[in-house]
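What's in target-v4.cif: mmCIF, C-alpha atoms
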```
data_query
loop_
_atom_site.label_atom_id
_atom_site.label_comp_id
_atom_site.auth_asym_id
_atom_site.auth_seq_id
_atom_site.Cartn_x
_atom_site.Cartn_y
_atom_site.Cartn_z
CA MET A 1275 -26.00 -50.79 -20.49
CA PRO A 1276 -27.53 -47.29 -20.35
CA GLU A 1277 -30.06 -47.20 -17.52
CA LEU A 1278 -32.77 -44.71 -16.65
CA PRO A 1279 -30.44 -41.88 -15.50
CA GLU A 1280 -28.31 -42.22 -18.63
CA VAL A 1281 -31.40 -42.15 -20.85
CA GLU A 1282 -32.72 -39.09 -19.00
CA THR A 1283 -29.30 -37.48 -19.40
CA THR A 1284 -29.57 -38.16 -23.13
CA ARG A 1285 -33.05 -36.61 -23.26
CA ARG A 1286 -31.93 -33.50 -21.42
CA GLY A 1287 -28.85 -33.23 -23.59
CA LEU A 1288 -30.80 -33.46 -26.83
CA GLU A 1289 -33.74 -31.25 -25.90
CA PRO A 1290 -32.25 -27.73 -26.15
CA HIS A 1291 -30.60 -28.55 -29.49
CA ILE A 1292 -33.54 -30.18 -31.27
CA LEU A 1293 -36.78 -28.81 -29.82
CA GLY A 1294 -38.68 -26.82 -32.42
CA LYS A 1295 -36.29 -27.81 -35.21
CA ARG A 1296 -37.69 -29.13 -38.48
CA ILE A 1297 -36.53 -32.49 -39.82
CA THR A 1298 -35.14 -32.10 -43.32
CA GLY A 1299 -34.13 -35.69 -43.98
CA VAL A 1300 -33.37 -39.14 -42.57
CA VAL A 1301 -30.30 -41.20 -43.42
CA LEU A 1302 -30.41 -44.93 -42.65
CA ARG A 1303 -27.14 -46.79 -43.04
CA ARG A 1304 -28.90 -50.02 -42.07
CA ASP A 1305 -32.50 -51.10 -42.54
CA SER A 1306 -32.65 -52.79 -39.13
CA LEU A 1307 -31.19 -52.64 -35.63
CA ARG A 1308 -32.65 -54.98 -33.05
CA TRP A 1309 -35.79 -54.93 -35.23
CA PRO A 1310 -36.45 -53.62 -38.76
CA ILE A 1311 -36.75 -49.82 -38.92
CA PRO A 1312 -40.30 -48.98 -40.05
CA PHE A 1313 -40.81 -47.17 -43.38
CA GLU A 1314 -42.59 -44.34 -41.55
CA ILE A 1315 -39.26 -43.10 -40.17
CA VAL A 1316 -38.09 -42.14 -43.67
CA ASP A 1317 -41.53 -41.52 -45.19
CA ARG A 1318 -43.22 -39.35 -42.55
CA LEU A 1319 -40.55 -37.62 -40.47
CA PRO A 1320 -39.04 -35.31 -43.14
CA GLY A 1321 -40.77 -31.92 -43.08
CA GLU A 1322 -42.06 -32.36 -39.53
CA LYS A 1323 -41.19 -30.15 -36.57
CA ILE A 1324 -39.92 -31.77 -33.35
CA LEU A 1325 -42.55 -30.85 -30.77
CA ALA A 1326 -41.12 -32.64 -27.73
CA ILE A 1327 -38.70 -35.32 -26.63
CA GLU A 1328 -39.99 -37.51 -23.82
CA ARG A 1329 -38.56 -40.39 -21.81
CA ARG A 1330 -40.75 -43.36 -20.88
CA ALA A 1331 -38.83 -45.98 -18.93
CA LYS A 1332 -35.61 -46.46 -20.95
CA TYR A 1333 -37.24 -45.38 -24.21
CA LEU A 1334 -37.05 -41.95 -25.84
CA LEU A 1335 -39.99 -40.60 -27.84
CA MET A 1336 -39.33 -37.82 -30.35
CA HIS A 1337 -42.78 -36.38 -30.99
CA THR A 1338 -44.00 -34.74 -34.19
CA ALA A 1339 -47.50 -34.07 -35.51
CA ALA A 1340 -47.13 -37.02 -37.90
CA GLY A 1341 -46.16 -39.46 -35.16
CA SER A 1342 -43.28 -40.29 -32.86
CA ALA A 1343 -39.88 -41.88 -33.37
CA LEU A 1344 -39.33 -44.40 -30.57
CA TRP A 1345 -35.71 -45.01 -29.64
CA HIS A 1346 -33.99 -47.43 -27.29
CA LEU A 1347 -30.24 -47.23 -26.69
CA GLY A 1348 -29.88 -50.97 -26.15
CA MET A 1349 -26.60 -52.07 -24.55
CA SER A 1350 -24.20 -49.73 -26.29
CA GLY A 1351 -26.21 -47.01 -28.04
CA SER A 1352 -25.86 -43.24 -27.82
CA MET A 1353 -27.42 -40.21 -29.48
CA ARG A 1354 -25.54 -36.99 -30.23
CA VAL A 1355 -26.23 -33.66 -31.92
CA LEU A 1356 -23.49 -32.91 -34.45
CA LYS A 1357 -22.77 -30.50 -37.27
CA ALA A 1358 -24.14 -31.56 -40.64
CA GLY A 1359 -21.45 -33.21 -42.70
CA THR A 1360 -19.66 -34.78 -39.74
CA PRO A 1361 -18.14 -37.99 -41.19
CA ALA A 1362 -19.95 -41.15 -40.11
CA GLY A 1363 -18.12 -43.96 -38.38
CA LYS A 1364 -18.60 -47.70 -38.68
CA HIS A 1365 -21.30 -47.86 -36.00
CA ASP A 1366 -23.16 -44.63 -36.87
CA HIS A 1367 -26.38 -46.15 -38.18
CA VAL A 1368 -28.92 -43.31 -38.32
CA ASP A 1369 -28.81 -39.54 -38.94
CA ILE A 1370 -31.84 -37.30 -38.48
CA GLU A 1371 -31.07 -34.13 -40.44
CA LEU A 1372 -32.36 -30.85 -38.96
CA THR A 1373 -32.64 -27.22 -39.90
CA GLY A 1374 -29.68 -25.19 -38.68
CA LYS A 1375 -27.19 -27.59 -40.25
CA ARG A 1376 -27.37 -30.07 -37.40
CA ILE A 1377 -27.97 -33.82 -37.26
CA ILE A 1378 -29.08 -36.24 -34.54
CA ARG A 1379 -26.74 -39.21 -34.89
CA PHE A 1380 -27.55 -42.63 -33.42
CA THR A 1381 -24.52 -44.82 -32.77
CA ASP A 1382 -24.83 -48.43 -31.64
CA PRO A 1383 -21.83 -50.80 -31.94
CA ARG A 1384 -23.73 -53.88 -30.74
CA ARG A 1385 -27.01 -53.05 -32.52
CA PHE A 1386 -29.29 -54.02 -29.61
CA GLY A 1387 -30.95 -50.61 -29.75
CA CYS A 1388 -34.01 -49.82 -31.80
CA LEU A 1389 -35.74 -47.12 -33.83
CA LEU A 1390 -39.48 -47.71 -34.16
CA TRP A 1391 -42.64 -45.74 -34.93
CA GLN A 1392 -45.63 -44.73 -32.79
CA ALA A 1393 -48.64 -43.42 -34.68
CA PRO A 1394 -50.51 -40.34 -33.37
CA GLY A 1395 -52.96 -41.15 -30.58
CA GLU A 1396 -51.56 -44.65 -30.10
CA ILE A 1397 -49.27 -46.27 -27.53
CA HIS A 1398 -46.62 -48.56 -28.95
CA PRO A 1399 -46.98 -52.20 -27.78
CA LEU A 1400 -43.56 -51.96 -26.08
CA LEU A 1401 -44.95 -49.24 -23.79
CA GLN A 1402 -48.43 -50.56 -23.09
CA LYS A 1403 -47.75 -52.77 -20.08
CA LEU A 1404 -45.10 -50.72 -18.32
CA GLY A 1405 -45.37 -49.87 -14.63
CA PRO A 1406 -45.15 -46.35 -13.17
CA GLU A 1407 -42.08 -44.15 -13.36
CA PRO A 1408 -39.95 -44.54 -10.21
CA LEU A 1409 -39.75 -40.77 -9.63
CA SER A 1410 -43.52 -40.30 -9.92
CA GLU A 1411 -46.00 -40.02 -7.05
CA ALA A 1412 -47.56 -43.31 -8.16
CA PHE A 1413 -44.42 -45.17 -7.07
CA ASN A 1414 -44.31 -45.45 -3.28
CA GLY A 1415 -44.16 -47.96 -0.46
CA ASP A 1416 -47.89 -48.57 -0.40
CA TYR A 1417 -47.88 -49.36 -4.14
CA LEU A 1418 -44.96 -51.79 -3.82
CA PHE A 1419 -46.54 -53.49 -0.82
CA ARG A 1420 -49.82 -54.04 -2.69
CA LYS A 1421 -48.10 -55.30 -5.85
CA SER A 1422 -45.91 -57.71 -3.90
CA ARG A 1423 -48.64 -59.61 -2.07
CA GLY A 1424 -48.36 -63.31 -2.84
CA LYS A 1425 -45.14 -62.88 -4.81
CA THR A 1426 -42.50 -65.55 -4.13
CA ALA A 1427 -39.86 -64.09 -6.45
CA ALA A 1428 -36.78 -62.47 -4.93
CA VAL A 1429 -37.39 -58.83 -4.11
CA LYS A 1430 -34.58 -57.75 -6.44
CA SER A 1431 -36.23 -59.53 -9.37
CA PHE A 1432 -39.57 -58.00 -8.34
CA LEU A 1433 -38.07 -54.50 -8.31
CA MET A 1434 -36.55 -55.03 -11.77
CA ASP A 1435 -39.87 -56.18 -13.27
CA GLN A 1436 -40.83 -53.45 -15.77
CA ALA A 1437 -44.52 -54.19 -15.17
CA VAL A 1438 -43.98 -53.25 -11.50
CA VAL A 1439 -41.84 -50.14 -11.99
CA VAL A 1440 -39.87 -48.98 -15.00
CA GLY A 1441 -36.21 -48.16 -15.28
CA VAL A 1442 -34.85 -49.76 -12.10
CA GLY A 1443 -32.19 -51.94 -13.67
CA ASN A 1444 -29.61 -54.19 -12.06
CA ILE A 1445 -27.34 -51.40 -10.82
CA TYR A 1446 -30.05 -49.32 -9.19
CA ALA A 1447 -31.92 -52.28 -7.76
CA ALA A 1448 -28.73 -53.42 -5.99
CA GLU A 1449 -27.95 -49.92 -4.73
CA SER A 1450 -31.53 -49.25 -3.57
CA LEU A 1451 -31.77 -52.53 -1.65
CA PHE A 1452 -28.47 -51.82 0.07
CA ARG A 1453 -29.56 -48.34 1.14
CA ALA A 1454 -32.87 -49.74 2.41
CA GLY A 1455 -31.10 -52.57 4.28
CA ILE A 1456 -33.01 -55.32 2.45
CA SER A 1457 -31.52 -58.59 1.25
CA PRO A 1458 -31.99 -59.00 -2.52
CA LEU A 1459 -32.85 -62.67 -1.90
CA ARG A 1460 -35.88 -62.04 0.33
CA GLU A 1461 -39.23 -63.10 -1.12
CA ALA A 1462 -41.04 -60.01 -2.34
CA GLY A 1463 -44.25 -61.04 -0.60
CA SER A 1464 -42.53 -61.38 2.78
CA LEU A 1465 -41.62 -57.71 3.22
CA THR A 1466 -43.68 -55.33 5.31
CA LYS A 1467 -45.16 -52.07 4.11
CA ALA A 1468 -42.64 -50.17 6.27
CA ARG A 1469 -39.74 -51.87 4.51
CA TYR A 1470 -41.20 -51.12 1.11
CA GLU A 1471 -41.54 -47.48 2.11
CA LYS A 1472 -37.80 -47.43 2.80
CA LEU A 1473 -37.10 -49.17 -0.49
CA ALA A 1474 -39.21 -46.75 -2.56
CA GLU A 1475 -37.56 -43.78 -0.85
CA ALA A 1476 -34.08 -45.22 -1.46
CA ALA A 1477 -34.78 -45.86 -5.15
CA LYS A 1478 -36.08 -42.31 -5.65
CA GLU A 1479 -33.07 -40.77 -3.89
CA ILE A 1480 -30.50 -42.81 -5.81
CA LEU A 1481 -32.08 -42.29 -9.22
CA ALA A 1482 -32.59 -38.55 -8.64
CA TYR A 1483 -28.97 -38.16 -7.57
CA ALA A 1484 -27.71 -40.13 -10.57
CA ILE A 1485 -29.73 -37.90 -12.92
CA GLU A 1486 -28.38 -34.81 -11.17
CA ARG A 1487 -24.81 -36.07 -11.57
CA GLY A 1488 -25.46 -36.81 -15.22
CA GLY A 1489 -26.50 -33.24 -15.79
CA THR A 1490 -23.05 -31.98 -14.87
CA THR A 1491 -21.56 -33.46 -18.06
CA LEU A 1492 -24.11 -32.16 -20.56
CA ARG A 1493 -21.70 -29.45 -21.72
CA ASP A 1494 -19.92 -32.20 -23.69
CA PHE A 1495 -23.06 -33.58 -25.28
CA ILE A 1496 -22.46 -32.05 -28.72
CA ASN A 1497 -18.71 -32.62 -28.77
CA PRO A 1498 -18.08 -35.35 -31.37
CA ASP A 1499 -14.73 -36.23 -29.81
CA SER A 1500 -16.07 -37.04 -26.33
CA GLU A 1501 -18.09 -39.87 -24.90
CA PRO A 1502 -21.79 -39.40 -24.05
CA GLY A 1503 -22.39 -37.32 -20.95
CA TYR A 1504 -23.14 -40.06 -18.47
CA PHE A 1505 -22.42 -39.49 -14.82
CA GLU A 1506 -19.50 -41.07 -13.04
CA GLN A 1507 -21.15 -43.77 -10.98
CA GLU A 1508 -20.59 -43.72 -7.23
CA LEU A 1509 -21.65 -47.19 -6.18
CA ASP A 1510 -21.86 -48.74 -2.72
CA VAL A 1511 -22.28 -52.40 -3.72
CA TYR A 1512 -22.75 -53.03 -7.44
CA GLY A 1513 -19.63 -54.55 -8.98
CA ARG A 1514 -17.86 -54.75 -5.61
CA GLU A 1515 -18.31 -58.47 -4.81
CA GLY A 1516 -15.70 -59.57 -2.23
CA GLU A 1517 -14.75 -56.02 -1.31
CA PRO A 1518 -15.42 -54.58 2.17
CA CYS A 1519 -18.90 -53.23 2.87
CA LYS A 1520 -18.72 -49.45 3.22
CA LYS A 1521 -20.91 -49.65 6.34
CA CYS A 1522 -19.65 -52.64 8.33
CA GLY A 1523 -16.41 -53.67 6.58
CA ARG A 1524 -17.40 -57.29 5.99
CA PRO A 1525 -16.84 -58.77 2.50
CA LEU A 1526 -19.76 -58.24 0.14
CA ARG A 1527 -21.48 -61.37 -1.17
CA ASP A 1528 -22.57 -62.15 -4.71
CA SER A 1529 -26.31 -62.62 -5.22
CA ARG A 1530 -26.57 -63.98 -8.75
CA LEU A 1531 -30.20 -63.88 -9.89
CA ASN A 1532 -31.19 -64.76 -13.46
CA ASN A 1533 -27.48 -64.70 -14.40
CA ARG A 1534 -27.16 -61.10 -13.19
CA ALA A 1535 -24.43 -60.38 -10.67
CA GLY A 1536 -25.23 -58.19 -7.71
CA ALA A 1537 -23.16 -57.65 -4.58
CA TRP A 1538 -24.86 -57.27 -1.22
CA CYS A 1539 -23.96 -57.29 2.46
CA GLY A 1540 -25.12 -60.27 4.51
CA SER A 1541 -24.80 -58.22 7.68
CA CYS A 1542 -26.38 -54.89 6.71
CA GLN A 1543 -29.11 -56.33 4.48
CA THR A 1544 -31.65 -58.69 6.03
#
```
Whole structure, C-alpha cells version:
Amino acid sequence: MPELPEVETTRRGLEPHILGKRITGVVLRRDSLRWPIPFEIVDRLPGEKILAIERRAKYLLMHTAAGSALWHLGMSGSMRVLKAGTPAGKHDHVDIELTGKRIIRFTDPRRFGCLLWQAPGEIHPLLQKLGPEPLSEAFNGDYLFRKSRGKTAAVKSFLMDQAVVVGVGNIYAAESLFRAGISPLREAGSLTKARYEKLAEAAKEILAYAIERGGTTLRDFINPDSEPGYFEQELDVYGREGEPCKKCGRPLRDSRLNNRAGAWCGSCQT
C-alpha cells in the first residue's frame, strides 16, 4: 500500500507538470471507485486552473478556484502525467485532461482508491479529525506523551492511529519503534516522555529519508512504461520476521496486532 512517502513522491512528481495548467476535460471510465465519484468532478473541474497540489496525510488535494479534487491511492493506485491520446489500460479509471496535450491518469487495479470533492472553504469529512503531520513542529515527544496518557493500547497501534498522527502506517511504525528501541507491544500510556521524544525523532528521520529517496526516481514519473517513482525501501525490521536483527543478530519476532504483521527485536526493543 502506498504510504506517506509514496504519496509525497506522487505529489512532487505531479506538481511541476500540472501546476498552473487548465483542465480541459474529465474522462471517467467508471462512476465509482471505493465510493461513487461526485458529479462535481465532471461538472466543475473543466475550465479551471490547477492552483496547487497538496498532501494531507495520505490524501492528495488538487486545488482549483471551484473546489478541490480529493484523491486517495488506496492499496494499488498511482497517478501519472502522460501525453494526451495515450491508450488506456484495463485499470486506468480516470483521466484529467490538461492544456499542453497532457493528461493526469489515475490507475487503480484493486479500486480501493477514491476521487472525491471538497467545496471551497470547507474541509472534507475524511480530513476533519486527522492528527498533525509527522514532519510538522506539532508532532514531537511532548505531544505524544500527552496524547498517550491513560491509553492501554499497544504503542504501535497508538502510533498508527490517524487521530494521533497521520501517515505513519505499518511499515514506518515498525521501523520507528525499532530505531527508538521500543517494543511495539508496550502499552502506550506506560512510556515516559523521554522515550516518546526518541520515538518522534525516529519517525521524523525515517519518513524524511524515505521521501528523499523517493525523490531520486522522479525522473521516471512521466514515463508510461515504468512503474511509479517510489523509493526502494531499506528496512531494518518490517517483513523480516525470523531473520537476524541487524543490531544484535538474534531472530526477529512477529508482533501481529490487528492482523497486521510487524517484526521486532525482543532484545533491542523493550
Distance criterion (only C-alpha atoms): nearest to Gly1455 (chain A) out of A:Thr1360, A:Ser1529, A:Ser1541, A:Thr1381
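Of A:Thr1360, A:Ser1529, A:Ser1541, A:Thr1381, the one nearest Gly1455 (chain A), counting only C-alpha atoms, is A:Ser1541.
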Polymer residues at most 9 Å from (-48.9, -41.3, -31.6) by all atoms listed in the file, as a ChimeraX atom specification:
/A:1337-1342,1391-1398
Quick one: apply the PyMOL selection byres ((chain A and resi 1377) around 10) to the file and drop the selected residues here as an MDAnalysis selection string.
chainID A and resid 1291:1292 1297:1301 1354:1360 1368:1376 1378:1380
Length of the CA of Val1440 (chain A) to CA of Gly1424 (chain A) vector [Å]
20.6 Å
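The interatomic distance for the pair CA of Glu1515 (chain A) and CA of Arg1469 (chain A) works out to 24.3 Å.
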Give as a short mmCIF file (atom, residue, chain, number, x, y, z; two decimals) with C-alpha atoms, in the frame of the given file the residues that the PyMOL selection byres ((chain A and resi 1475-1482) around 8) matches when applied to the coordinates above.
```cif
data_model
loop_
_atom_site.label_atom_id
_atom_site.label_comp_id
_atom_site.auth_asym_id
_atom_site.auth_seq_id
_atom_site.Cartn_x
_atom_site.Cartn_y
_atom_site.Cartn_z
CA LEU A 1278 -32.77 -44.71 -16.65
CA PRO A 1279 -30.44 -41.88 -15.50
CA PRO A 1408 -39.95 -44.54 -10.21
CA LEU A 1409 -39.75 -40.77 -9.63
CA ASN A 1414 -44.31 -45.45 -3.28
CA GLY A 1415 -44.16 -47.96 -0.46
CA VAL A 1442 -34.85 -49.76 -12.10
CA TYR A 1446 -30.05 -49.32 -9.19
CA ALA A 1447 -31.92 -52.28 -7.76
CA GLU A 1449 -27.95 -49.92 -4.73
CA SER A 1450 -31.53 -49.25 -3.57
CA LEU A 1451 -31.77 -52.53 -1.65
CA ARG A 1453 -29.56 -48.34 1.14
CA ALA A 1454 -32.87 -49.74 2.41
CA GLU A 1471 -41.54 -47.48 2.11
CA LYS A 1472 -37.80 -47.43 2.80
CA LEU A 1473 -37.10 -49.17 -0.49
CA ALA A 1474 -39.21 -46.75 -2.56
CA TYR A 1483 -28.97 -38.16 -7.57
CA ALA A 1484 -27.71 -40.13 -10.57
CA ILE A 1485 -29.73 -37.90 -12.92
CA GLU A 1486 -28.38 -34.81 -11.17
#
```
Applying 12 Å and all atoms listed in the file, which residues near Leu1531 (chain A) remain after dropping the ones on its own chain fewer than 3 positions away? List them as a ChimeraX atom specification.
/A:1427-1432,1434,1444,1447-1448,1458-1460,1528,1534-1537
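For the set A:Leu1389, A:Ala1331, A:Leu1319, A:His1365, the residue with the smallest atom-to-atom gap to Leu1404 (chain A) is A:Ala1331, counting all atoms listed in the file.
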Skip Ser1422 (chain A) itself and residues of its chain fewer than 5 positions away, then list as a list in words all residues within 9 Å of it, counting all atoms listed in the file.
Tyr1417, Val1429, Phe1432, Ala1462, Gly1463, Ser1464 and Leu1465 of chain A
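Nearest to Trp1538 (chain A) of all the residues A:Leu1334, A:Leu1293, A:Ile1445, A:Ile1324 is A:Ile1445, based on all atoms listed in the file.
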From the options A:Glu1411, A:Pro1290, A:Gly1348, A:Tyr1470, which residue's atoms come nearest to Leu1433 (chain A), counting only C-alpha atoms?
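The answer is A:Tyr1470, which sits nearest to Leu1433 (chain A).
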Two-atom distance - CA of Arg1384 (chain A), CA of Gly1351 (chain A) (Å):
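Distance reported for this atom pair: 7.8 Å.
Of the listed residues A:Ala1326, A:Gly1540, A:Ser1306, A:Glu1314, the one whose atoms come nearest to Phe1386 (chain A) is A:Ser1306, with distances taken using all atoms listed in the file.
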If we count all atoms listed in the file and set the cut-off at 7 Å, which residues sit around Gln1543 (chain A), ignoring sequence neighbours fewer than 5 positions away in its own chain? Please answer as a PyMOL selection string.
chain A and resi 1452+1455-1457
Of the candidates A:Leu1344, A:Gly1441, A:Arg1296, A:Asp1435, which one gets nearest to Val1281 (chain A) if we count all atoms listed in the file?
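Checking each of A:Leu1344, A:Gly1441, A:Arg1296, A:Asp1435 against Val1281 (chain A), counting all atoms listed in the file, the winner is A:Gly1441.
What the PyMOL selection byres ((chain A and resi 1285) around 8) grabs from this file is Val1281, Glu1282, Thr1283, Thr1284, Arg1286, Gly1287, Leu1288, Glu1289, Ile1327, Glu1328, Arg1329 and Leu1334 of chain A.
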